[in-house]
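Please read the structure below before turning to the comments.
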Protein chains: 2
Amino acid sequence: MSALHELLVDLPGPDEASAAAVHERAAEILRPSGALAWLDELAAWIAGWHRTDRPRVAHPVGLIFAGDHGVAAAEAVSAYPTNVTAAMFEAYRQGRSTISAFARHAGATVDAVDVGIGRPTADIRFEAALTSERFDEIVDIAVAAVDRLDGDLLVVGEMGIGNTTPSAAIAAALAGGETAAWVGRGTGIDDAGLARKRAAVQQAVRRIVGVTDPIEVLREVGGSELTAIAAAVVAARRRSLPVVLDGYVVTASVLPLVMVEPAAVEHCIVGHCSAEPGHRRLLERLGKRPLLDLDMRLGEGSGAMAAVPLVAMACAGITEVPTFAEWFGER
Amino acid sequence: MSALHELLVDLPGPDEASAAAVHERAAEILRPSGALAWLDELAAWIAGWHRTDRPRVAHPVGLIFAGDHGVAAAEAVSAYPTNVTAAMFEAYRQGRSTISAFARHAGATVDAVDVGIGRPTADIRFEAALTSERFDEIVDIAVAAVDRLDGDLLVVGEMGIGNTTPSAAIAAALAGGETAAWVGRGTGIDDAGLARKRAAVQQAVRRIVGVTDPIEVLREVGGSELTAIAAAVVAARRRSLPVVLDGYVVTASVLPLVMVEPAAVEHCIVGHCSAEPGHRRLLERLGKRPLLDLDMRLGEGSGAMAAVPLVAMACAGITEVPTFAEWFGER
């Protein structure tokens, strides 16, 4: 059993009483009952995981995992060279990236974790992306990163030139259907590149026919940051820390978790639906509705961070607004 | 000519050079070109109206117009009694309402303007909601409220028990189609109430057959806060202040403007699509895509306020993130 399998055993659930208390209060608040619809659901969801009937999002944190990909180094499956991963990592660290700018407007902090920059995974067309040892090592790094956090809502993001290729491979291997339908243009590759990318994904998926353990699929055709994301999401669950998922790469990274343990991402919402065409299909597979649908396709957690103020507002709609009885009693 | 007609003459357009500068910068920023899609468009839109190539949303302001409706007093077209308008108005003033809570998380301030609480419009089934004198008076109040503002993005909201009834009447009279299709449950009226509401809207619309001036339609079957919203939106335009529209009532209020001057709401975006079924149809009529689609149906500007952080982030994505050249030049 891998370190990730072990993490998935005996996952804690939400505190249903706290969630129910929020639903009750929502029905009595100084507005027509049900008028906030989904936002009231979000507040109850936060309450359940925070185990309090006074949900709030005061310290959202973003965690970006970054790594390099052997398939991207060997085959031009991305519009950018692989050394862009390292350059972007530095921008995250210095607060100069798009998600950093978004975070400042969401009252959030962002940290980035190197799980394999300049240390590319093996080329998934020909061999497993990660050895079992390296896979477990990355899981441990990600768990430690989450355990260090002091926050009340976790945004997970990723950076890794070429990483929509392993994402498509995971989706194709685990969700099935036409492989080509899971492959999009990522950061914006041309037609020839798209054809190479499709061929690479098909080759990787064919190579692992017969692998039935979804976590093994992640190790075989995934990547460093994808593994880290899966581990971070489970680590957050173990701390009862709710998570906002980002786009295609992040969603593909958690798909193996759901196939091992269907309730594994109940503590996660989806921040946005990406323009990468496979993302909407994956969300349907997971039964998750995205909060935002803005055609974004940046990654780095930016779509999830854009949705954070909505979650904070949803909580404020419960805790910062009186009930009819409170309001009329006060006057 | 009414005071609103006069306001609509010679509306200023955006500064295309500022918008173009943002588009240019967007293509060079440290992320894949086009990855923020619509958010880059939003930043360029703000730039155009702010007349600067450094768009920012630092001081969003919410303005809620409130008034009472004769048709609601005479016929039970709402799930709530009309005195709730006054009670909610007090909650806005004291910062205790849902939009106030949302505003705190959007870095915004909110003010509420009484344009007819306890002074209901006439029953639109039988006579014009407002006299020409009163209509102009409300226009002046709304313009003065906007002129007093010190903000860089305006959220317009409304409160008025029964006001989805005049909204449906405006939509039916100006956009046509089956009248009943414009009538929804508002704050949550039952089947019998919905039937009464449909009949009231039909009666009002039939009464004004032959009225061709869209502003006259607003005066005839609209209401105080609907008139104020229309005037505030045009007043904002005259100050080059971009606006976030809210739900069904706000959108119905600006429809007459567009029918007089097709470019009248180019400085407006739509914050969200309401659960009130007529809203989506109105947005299609206006050719506006809502930023959020969360099934909200609260009014008071809450859906628009929920979208404000996205606009602030869109600007930050342009001004707070370096270009590739800047980033690599710095290092």
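Just remember, in the structure tokens the first chain shown is A, the second B, etc., residues are 1-based per chain, and ligands are 1-based in the order shown.
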
- Write down as a list in words the residues belonging to stretch 108-233 of chain A that are assigned strand (DSSP E or B) by DSSP computed on the backbone.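 Strand (DSSP E or B) members of stretch 108-233 of chain A, listed: Thr109, Val110, Asp111, Ala112, Val113, Asp114, Leu153, Leu154, Val155, Val156, Gly157, Glu158 and Met159 of chain A.
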
Using only N, CA, C and O atoms, please write the residues we just selected to a file, as an mmCIF file, in the first residue's frame.
```cif
data_model
loop_
_atom_site.group_PDB
_atom_site.id
_atom_site.type_symbol
_atom_site.label_atom_id
_atom_site.label_comp_id
_atom_site.auth_asym_id
_atom_site.auth_seq_id
_atom_site.Cartn_x
_atom_site.Cartn_y
_atom_site.Cartn_z
ATOM 1 N N THR A 109 -3.403 34.225 1.654
ATOM 2 C CA THR A 109 -1.968 34.103 1.441
ATOM 3 C C THR A 109 -1.731 32.917 0.517
ATOM 4 O O THR A 109 -2.578 32.038 0.388
ATOM 5 N N VAL A 110 -0.564 32.917 -0.125
ATOM 6 C CA VAL A 110 -0.243 31.859 -1.079
ATOM 7 C C VAL A 110 1.155 31.352 -0.803
ATOM 8 O O VAL A 110 2.071 32.149 -0.563
ATOM 9 N N ASP A 111 1.308 30.055 -0.835
ATOM 10 C CA ASP A 111 2.642 29.485 -0.768
ATOM 11 C C ASP A 111 2.812 28.497 -1.921
ATOM 12 O O ASP A 111 1.829 27.964 -2.433
ATOM 13 N N ALA A 112 4.039 28.302 -2.337
ATOM 14 C CA ALA A 112 4.310 27.377 -3.432
ATOM 15 C C ALA A 112 5.296 26.324 -2.941
ATOM 16 O O ALA A 112 6.204 26.630 -2.166
ATOM 17 N N VAL A 113 5.077 25.106 -3.365
ATOM 18 C CA VAL A 113 5.911 23.992 -2.914
ATOM 19 C C VAL A 113 6.503 23.289 -4.129
ATOM 20 O O VAL A 113 5.773 22.839 -5.020
ATOM 21 N N ASP A 114 7.810 23.219 -4.153
ATOM 22 C CA ASP A 114 8.526 22.539 -5.241
ATOM 23 C C ASP A 114 8.510 21.032 -4.970
ATOM 24 O O ASP A 114 9.072 20.568 -3.990
ATOM 25 N N LEU A 153 -9.521 27.808 4.873
ATOM 26 C CA LEU A 153 -10.005 27.358 3.565
ATOM 27 C C LEU A 153 -8.779 27.196 2.677
ATOM 28 O O LEU A 153 -7.962 28.107 2.574
ATOM 29 N N LEU A 154 -8.651 26.034 2.061
ATOM 30 C CA LEU A 154 -7.453 25.741 1.263
ATOM 31 C C LEU A 154 -7.769 25.766 -0.227
ATOM 32 O O LEU A 154 -8.681 25.078 -0.690
ATOM 33 N N VAL A 155 -7.014 26.567 -0.949
ATOM 34 C CA VAL A 155 -7.058 26.574 -2.413
ATOM 35 C C VAL A 155 -5.866 25.762 -2.907
ATOM 36 O O VAL A 155 -4.728 26.064 -2.529
ATOM 37 N N VAL A 156 -6.111 24.734 -3.705
ATOM 38 C CA VAL A 156 -4.973 23.989 -4.248
ATOM 39 C C VAL A 156 -4.794 24.333 -5.720
ATOM 40 O O VAL A 156 -5.746 24.342 -6.491
ATOM 41 N N GLY A 157 -3.544 24.598 -6.067
ATOM 42 C CA GLY A 157 -3.216 24.945 -7.437
ATOM 43 C C GLY A 157 -1.989 24.191 -7.894
ATOM 44 O O GLY A 157 -1.371 23.453 -7.114
ATOM 45 N N GLU A 158 -1.646 24.377 -9.145
ATOM 46 C CA GLU A 158 -0.503 23.633 -9.682
ATOM 47 C C GLU A 158 0.207 24.445 -10.739
ATOM 48 O O GLU A 158 -0.375 25.332 -11.354
ATOM 49 N N MET A 159 1.445 24.108 -10.962
ATOM 50 C CA MET A 159 2.214 24.623 -12.090
ATOM 51 C C MET A 159 3.142 23.517 -12.537
ATOM 52 O O MET A 159 3.791 22.869 -11.699
#
```

Write out as CSV a residue-level contact list of chain B versus chain A with cut-off 7 Å: for each qualifying residue the closest pair of atoms and the distance in Å to one decimal, counting only C-alpha atoms, rows sorted by chain and residue number upward.
```
residue,atom,partner,partner_atom,distance
B:Pro32,CA,A:Thr187,CA,5.7
B:Ala35,CA,A:Arg297,CA,4.8
B:Leu36,CA,A:Met296,CA,4.8
B:Ala37,CA,A:Met296,CA,5.7
B:Trp38,CA,A:Leu294,CA,6.3
B:Arg96,CA,A:Val321,CA,5.5
B:Ser97,CA,A:Val321,CA,5.7
B:Thr98,CA,A:Gly317,CA,5.6
B:Ala101,CA,A:Ala316,CA,5.7
B:Phe102,CA,A:Met313,CA,5.2
B:His105,CA,A:Met313,CA,6.2
B:Thr187,CA,A:Pro32,CA,5.7
B:Leu292,CA,A:Leu292,CA,6.5
B:Leu294,CA,A:Trp38,CA,6.3
B:Asp295,CA,A:Ala37,CA,6.0
B:Met296,CA,A:Leu36,CA,4.8
B:Arg297,CA,A:Ala35,CA,4.8
B:Leu298,CA,A:Ala35,CA,4.9
B:Ala306,CA,A:Leu310,CA,6.5
B:Pro309,CA,A:Pro309,CA,6.8
B:Leu310,CA,A:Ala306,CA,6.5
B:Met313,CA,A:Phe102,CA,5.2
B:Ala316,CA,A:Ala101,CA,5.7
B:Gly317,CA,A:Thr98,CA,5.5
B:Glu320,CA,A:Ala101,CA,5.9
B:Val321,CA,A:Arg96,CA,5.5
B:Pro322,CA,A:Arg96,CA,6.9
```

With N, CA, C and O atoms retained, could you export that selection as a compact mmCIF listing (two decimals), in the first residue's frame?
```txt
# COMPACT_ATOMS: atom_id res chain seq x y z
N PRO B 32 -0.14 32.48 -19.78
CA PRO B 32 -0.45 32.23 -21.20
C PRO B 32 -1.44 33.27 -21.71
O PRO B 32 -2.42 33.60 -21.03
N ALA B 35 -5.39 33.46 -21.12
CA ALA B 35 -5.76 32.49 -20.08
C ALA B 35 -6.81 33.04 -19.11
O ALA B 35 -7.52 32.27 -18.48
N LEU B 36 -6.89 34.35 -18.99
CA LEU B 36 -7.91 34.90 -18.09
C LEU B 36 -9.20 35.29 -18.83
O LEU B 36 -10.16 35.71 -18.21
N ALA B 37 -9.16 35.15 -20.14
CA ALA B 37 -10.36 35.29 -20.95
C ALA B 37 -11.17 36.52 -20.55
O ALA B 37 -10.69 37.65 -20.65
N TRP B 38 -12.36 36.27 -20.07
CA TRP B 38 -13.31 37.32 -19.73
C TRP B 38 -12.78 38.30 -18.68
O TRP B 38 -13.12 39.48 -18.69
N ARG B 96 -26.82 45.98 8.54
CA ARG B 96 -27.17 44.67 9.08
C ARG B 96 -27.74 43.71 8.03
O ARG B 96 -28.13 42.60 8.38
N SER B 97 -27.83 44.13 6.78
CA SER B 97 -28.47 43.29 5.77
C SER B 97 -27.44 42.39 5.08
O SER B 97 -26.24 42.50 5.32
N THR B 98 -27.94 41.53 4.23
CA THR B 98 -27.05 40.60 3.51
C THR B 98 -26.07 41.36 2.62
O THR B 98 -24.87 41.06 2.62
N ALA B 101 -23.23 42.69 4.60
CA ALA B 101 -22.26 41.65 4.95
C ALA B 101 -21.38 41.31 3.75
O ALA B 101 -20.15 41.19 3.87
N PHE B 102 -22.00 41.18 2.59
CA PHE B 102 -21.23 40.90 1.38
C PHE B 102 -20.25 42.05 1.10
O PHE B 102 -19.10 41.84 0.72
N HIS B 105 -16.95 42.07 2.72
CA HIS B 105 -15.98 41.13 2.14
C HIS B 105 -15.55 41.52 0.73
O HIS B 105 -14.69 40.88 0.15
N THR B 187 -40.13 36.80 -4.12
CA THR B 187 -39.59 36.34 -2.83
C THR B 187 -40.13 34.97 -2.43
O THR B 187 -39.74 34.44 -1.39
N LEU B 292 -21.95 35.76 -12.48
CA LEU B 292 -22.27 34.65 -11.58
C LEU B 292 -23.63 34.06 -11.96
O LEU B 292 -24.50 34.76 -12.47
N LEU B 294 -25.75 31.67 -9.64
CA LEU B 294 -25.77 30.92 -8.39
C LEU B 294 -27.18 30.70 -7.85
O LEU B 294 -27.33 30.33 -6.68
N ASP B 295 -28.20 30.91 -8.68
CA ASP B 295 -29.61 30.70 -8.27
C ASP B 295 -30.07 31.65 -7.17
O ASP B 295 -31.07 31.39 -6.51
N MET B 296 -29.33 32.76 -6.96
CA MET B 296 -29.75 33.72 -5.94
C MET B 296 -31.03 34.43 -6.40
O MET B 296 -31.27 34.58 -7.59
N ARG B 297 -31.82 34.88 -5.45
CA ARG B 297 -33.03 35.65 -5.78
C ARG B 297 -33.37 36.56 -4.61
O ARG B 297 -34.50 36.60 -4.14
N LEU B 298 -32.39 37.31 -4.15
CA LEU B 298 -32.57 38.16 -2.99
C LEU B 298 -32.84 39.60 -3.37
O LEU B 298 -33.59 40.30 -2.70
N ALA B 306 -21.80 40.38 -4.90
CA ALA B 306 -21.04 39.12 -4.87
C ALA B 306 -20.04 39.04 -6.02
O ALA B 306 -19.01 38.37 -5.91
N PRO B 309 -15.71 41.33 -6.22
CA PRO B 309 -14.31 40.89 -6.10
C PRO B 309 -13.73 40.39 -7.43
O PRO B 309 -12.53 40.55 -7.67
N LEU B 310 -14.57 39.82 -8.28
CA LEU B 310 -14.07 39.35 -9.57
C LEU B 310 -13.58 40.52 -10.42
O LEU B 310 -12.57 40.40 -11.13
N MET B 313 -10.32 41.68 -8.92
CA MET B 313 -9.26 40.74 -9.28
C MET B 313 -8.86 40.87 -10.75
O MET B 313 -7.68 40.78 -11.08
N ALA B 316 -6.56 43.67 -10.94
CA ALA B 316 -5.29 43.30 -10.31
C ALA B 316 -4.48 42.39 -11.23
O ALA B 316 -3.25 42.45 -11.25
N GLY B 317 -5.18 41.56 -11.99
CA GLY B 317 -4.50 40.65 -12.92
C GLY B 317 -3.74 41.40 -14.01
O GLY B 317 -2.83 40.85 -14.65
N GLU B 320 -1.19 44.32 -11.18
CA GLU B 320 -0.34 43.82 -10.10
C GLU B 320 0.53 42.65 -10.52
O GLU B 320 1.21 42.04 -9.70
N VAL B 321 0.49 42.30 -11.80
CA VAL B 321 1.30 41.18 -12.30
C VAL B 321 2.21 41.72 -13.40
O VAL B 321 1.75 42.47 -14.26
N PRO B 322 3.49 41.37 -13.36
CA PRO B 322 4.40 41.89 -14.39
C PRO B 322 4.17 41.22 -15.74
O PRO B 322 3.59 40.15 -15.81
```

- Message: Could you go through stretch 49-293 of chain A and tell me which residues DSSP, when run on the backbone, assigns to helix (DSSP H, G or I), listing them as a ChimeraX atom specification?
- Response: /A:49-50,70-74,84-93,98-106,132-148,164-175,179-182,191-207,214-221,224-238,248-260,277-286

Write to file, as a compact mmCIF listing (two decimals), in the first residue's frame, the residues of the selection just made, with C-alpha atoms.
```txt
# COMPACT_ATOMS: atom_id res chain seq x y z
CA TRP A 49 -16.05 20.88 8.23
CA HIS A 50 -15.11 23.64 10.68
CA GLY A 70 9.52 14.03 -18.68
CA VAL A 71 6.98 13.81 -21.46
CA ALA A 72 7.09 17.59 -21.90
CA ALA A 73 10.88 17.59 -22.07
CA ALA A 74 10.95 14.76 -24.62
CA VAL A 84 9.00 28.15 -17.48
CA THR A 85 7.96 26.03 -14.49
CA ALA A 86 10.93 27.27 -12.47
CA ALA A 87 10.42 30.87 -13.58
CA MET A 88 6.78 30.81 -12.54
CA PHE A 89 7.66 29.15 -9.24
CA GLU A 90 9.85 32.12 -8.41
CA ALA A 91 6.98 34.46 -9.30
CA TYR A 92 4.70 32.63 -6.86
CA ARG A 93 7.29 32.82 -4.13
CA THR A 98 -1.76 36.19 -11.09
CA ILE A 99 -2.89 34.05 -8.17
CA SER A 100 -0.88 36.25 -5.82
CA ALA A 101 -2.73 39.30 -7.14
CA PHE A 102 -6.06 37.53 -6.81
CA ALA A 103 -5.16 36.37 -3.30
CA ARG A 104 -4.55 39.93 -2.13
CA HIS A 105 -8.15 40.73 -3.13
CA ALA A 106 -9.46 37.59 -1.44
CA SER A 132 6.86 3.98 -5.63
CA GLU A 133 9.53 5.49 -3.39
CA ARG A 134 9.39 8.88 -5.07
CA PHE A 135 5.58 8.78 -5.05
CA ASP A 136 5.52 8.24 -1.29
CA GLU A 137 8.15 10.94 -0.81
CA ILE A 138 5.98 13.46 -2.63
CA VAL A 139 2.94 12.41 -0.63
CA ASP A 140 4.90 13.10 2.55
CA ILE A 141 6.04 16.53 1.31
CA ALA A 142 2.47 17.49 0.46
CA VAL A 143 1.08 16.28 3.78
CA ALA A 144 3.77 18.22 5.64
CA ALA A 145 2.93 21.35 3.62
CA VAL A 146 -0.74 21.09 4.57
CA ASP A 147 0.09 20.34 8.19
CA ARG A 148 2.17 23.53 8.36
CA THR A 164 -2.48 18.77 -18.86
CA THR A 165 -0.96 15.77 -20.67
CA PRO A 166 -0.77 13.53 -17.56
CA SER A 167 -4.13 14.98 -16.46
CA ALA A 168 -5.72 13.80 -19.67
CA ALA A 169 -4.05 10.41 -19.25
CA ILE A 170 -5.50 9.99 -15.75
CA ALA A 171 -8.96 11.07 -16.92
CA ALA A 172 -8.87 8.78 -19.95
CA ALA A 173 -7.60 5.82 -17.94
CA LEU A 174 -10.07 6.22 -15.08
CA ALA A 175 -13.16 7.86 -16.58
CA THR A 179 -9.08 9.41 -25.19
CA ALA A 180 -8.84 12.34 -27.60
CA ALA A 181 -11.85 14.00 -25.95
CA TRP A 182 -9.84 14.41 -22.73
CA ASP A 191 -2.86 21.81 -34.10
CA ALA A 192 0.34 19.83 -34.63
CA GLY A 193 1.10 20.01 -30.93
CA LEU A 194 -2.42 18.90 -30.10
CA ALA A 195 -1.94 15.85 -32.33
CA ARG A 196 1.37 15.02 -30.56
CA LYS A 197 -0.32 15.49 -27.20
CA ARG A 198 -3.17 13.16 -28.12
CA ALA A 199 -0.75 10.54 -29.34
CA ALA A 200 1.30 10.80 -26.14
CA VAL A 201 -1.80 10.41 -23.97
CA GLN A 202 -3.00 7.45 -26.01
CA GLN A 203 0.39 5.78 -25.72
CA ALA A 204 0.51 6.33 -21.95
CA VAL A 205 -3.01 5.03 -21.45
CA ARG A 206 -2.36 1.94 -23.58
CA ARG A 207 0.80 1.23 -21.64
CA PRO A 214 -6.60 4.22 -9.33
CA ILE A 215 -3.70 5.35 -7.13
CA GLU A 216 -1.37 3.27 -9.27
CA VAL A 217 -2.80 4.98 -12.33
CA LEU A 218 -1.88 8.32 -10.73
CA ARG A 219 1.69 7.10 -10.09
CA GLU A 220 2.00 5.61 -13.59
CA VAL A 221 0.66 8.39 -15.82
CA SER A 224 4.80 15.10 -9.14
CA GLU A 225 2.46 18.03 -8.59
CA LEU A 226 -0.59 15.91 -9.41
CA THR A 227 0.43 13.42 -6.74
CA ALA A 228 1.07 16.23 -4.30
CA ILE A 229 -2.38 17.69 -4.96
CA ALA A 230 -4.08 14.36 -4.33
CA ALA A 231 -2.14 13.97 -1.08
CA ALA A 232 -2.77 17.56 0.01
CA VAL A 233 -6.50 17.18 -0.52
CA VAL A 234 -6.59 14.08 1.68
CA ALA A 235 -4.32 15.72 4.26
CA ALA A 236 -6.72 18.66 4.39
CA ARG A 237 -9.59 16.25 4.93
CA ARG A 238 -7.77 14.67 7.86
CA TYR A 248 -8.53 20.46 -15.07
CA VAL A 249 -5.19 19.40 -13.60
CA VAL A 250 -6.36 19.65 -10.00
CA THR A 251 -9.61 17.86 -10.74
CA ALA A 252 -7.84 15.06 -12.60
CA SER A 253 -5.47 14.73 -9.65
CA VAL A 254 -8.31 14.02 -7.22
CA LEU A 255 -10.20 11.64 -9.51
CA PRO A 256 -8.15 8.63 -8.32
CA LEU A 257 -9.12 9.46 -4.71
CA VAL A 258 -12.82 9.33 -5.53
CA MET A 259 -12.44 6.02 -7.28
CA VAL A 260 -10.86 4.51 -4.17
CA PRO A 277 -12.80 20.95 -22.51
CA GLY A 278 -12.12 17.87 -20.39
CA HIS A 279 -12.77 19.78 -17.20
CA ARG A 280 -16.54 20.06 -17.59
CA ARG A 281 -16.73 16.34 -18.34
CA LEU A 282 -14.66 15.53 -15.25
CA LEU A 283 -16.88 17.70 -13.09
CA GLU A 284 -19.94 15.86 -14.37
CA ARG A 285 -18.19 12.60 -13.53
CA LEU A 286 -17.57 13.89 -9.99
```

- Message: Just the number, please: distance in Å from atom CA of A:Thr121 to atom CA of A:His69, one decimal.
- Response: 5.0 Å

Give me the stretch 220-280 of chain B side of the contact with stretch 14-22 of chain B, cut-off 12 Å, one line per residue showing its nearest atom pair and distance in Å at one decimal, counting only C-alpha atoms, sorted by chain and residue number, as CSV.
```
residue,atom,partner,partner_atom,distance
B:Arg237,CA,B:Pro14,CA,9.5
B:Arg238,CA,B:Pro14,CA,10.7
B:Arg239,CA,B:Pro14,CA,11.0
B:Ser240,CA,B:Pro14,CA,7.5
B:Leu241,CA,B:Pro14,CA,10.0
B:Pro242,CA,B:Pro14,CA,9.8
B:Ala263,CA,B:Pro14,CA,11.0
B:Ala264,CA,B:Pro14,CA,11.7
B:Val265,CA,B:Pro14,CA,11.5
B:Glu266,CA,B:Pro14,CA,8.7
B:His267,CA,B:Pro14,CA,7.9
B:Cys268,CA,B:Pro14,CA,11.6
```

Just-selected residues, C-alpha atoms written as a CSV table (one decimal), in the first residue's frame:
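Listing of again29.csv after writing:
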```csv
chain,number,residue,atom,x,y,z
B,237,ARG,CA,-22.6,56.9,-17.2
B,238,ARG,CA,-22.3,60.7,-17.3
B,239,ARG,CA,-19.6,60.4,-14.6
B,240,SER,CA,-17.9,57.5,-16.5
B,241,LEU,CA,-18.5,55.3,-13.5
B,242,PRO,CA,-18.9,51.6,-14.4
B,263,ALA,CA,-25.5,52.0,-26.1
B,264,ALA,CA,-27.0,53.3,-22.8
B,265,VAL,CA,-25.8,50.4,-20.6
B,266,GLU,CA,-22.4,49.8,-22.3
B,267,HIS,CA,-20.9,50.9,-19.0
B,268,CYS,CA,-22.8,48.2,-17.1
```

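Straight-line separation from atom CA of A:Leu4 to atom CA of A:Glu75: 29.3 Å.
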
- Item | Atomic separation - atom CA of B:Pro81 relative to atom CA of B:Asp190, Å |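 Value for the atom CA of B:Asp190-atom CA of B:Pro81 distance: 14.2 Å.
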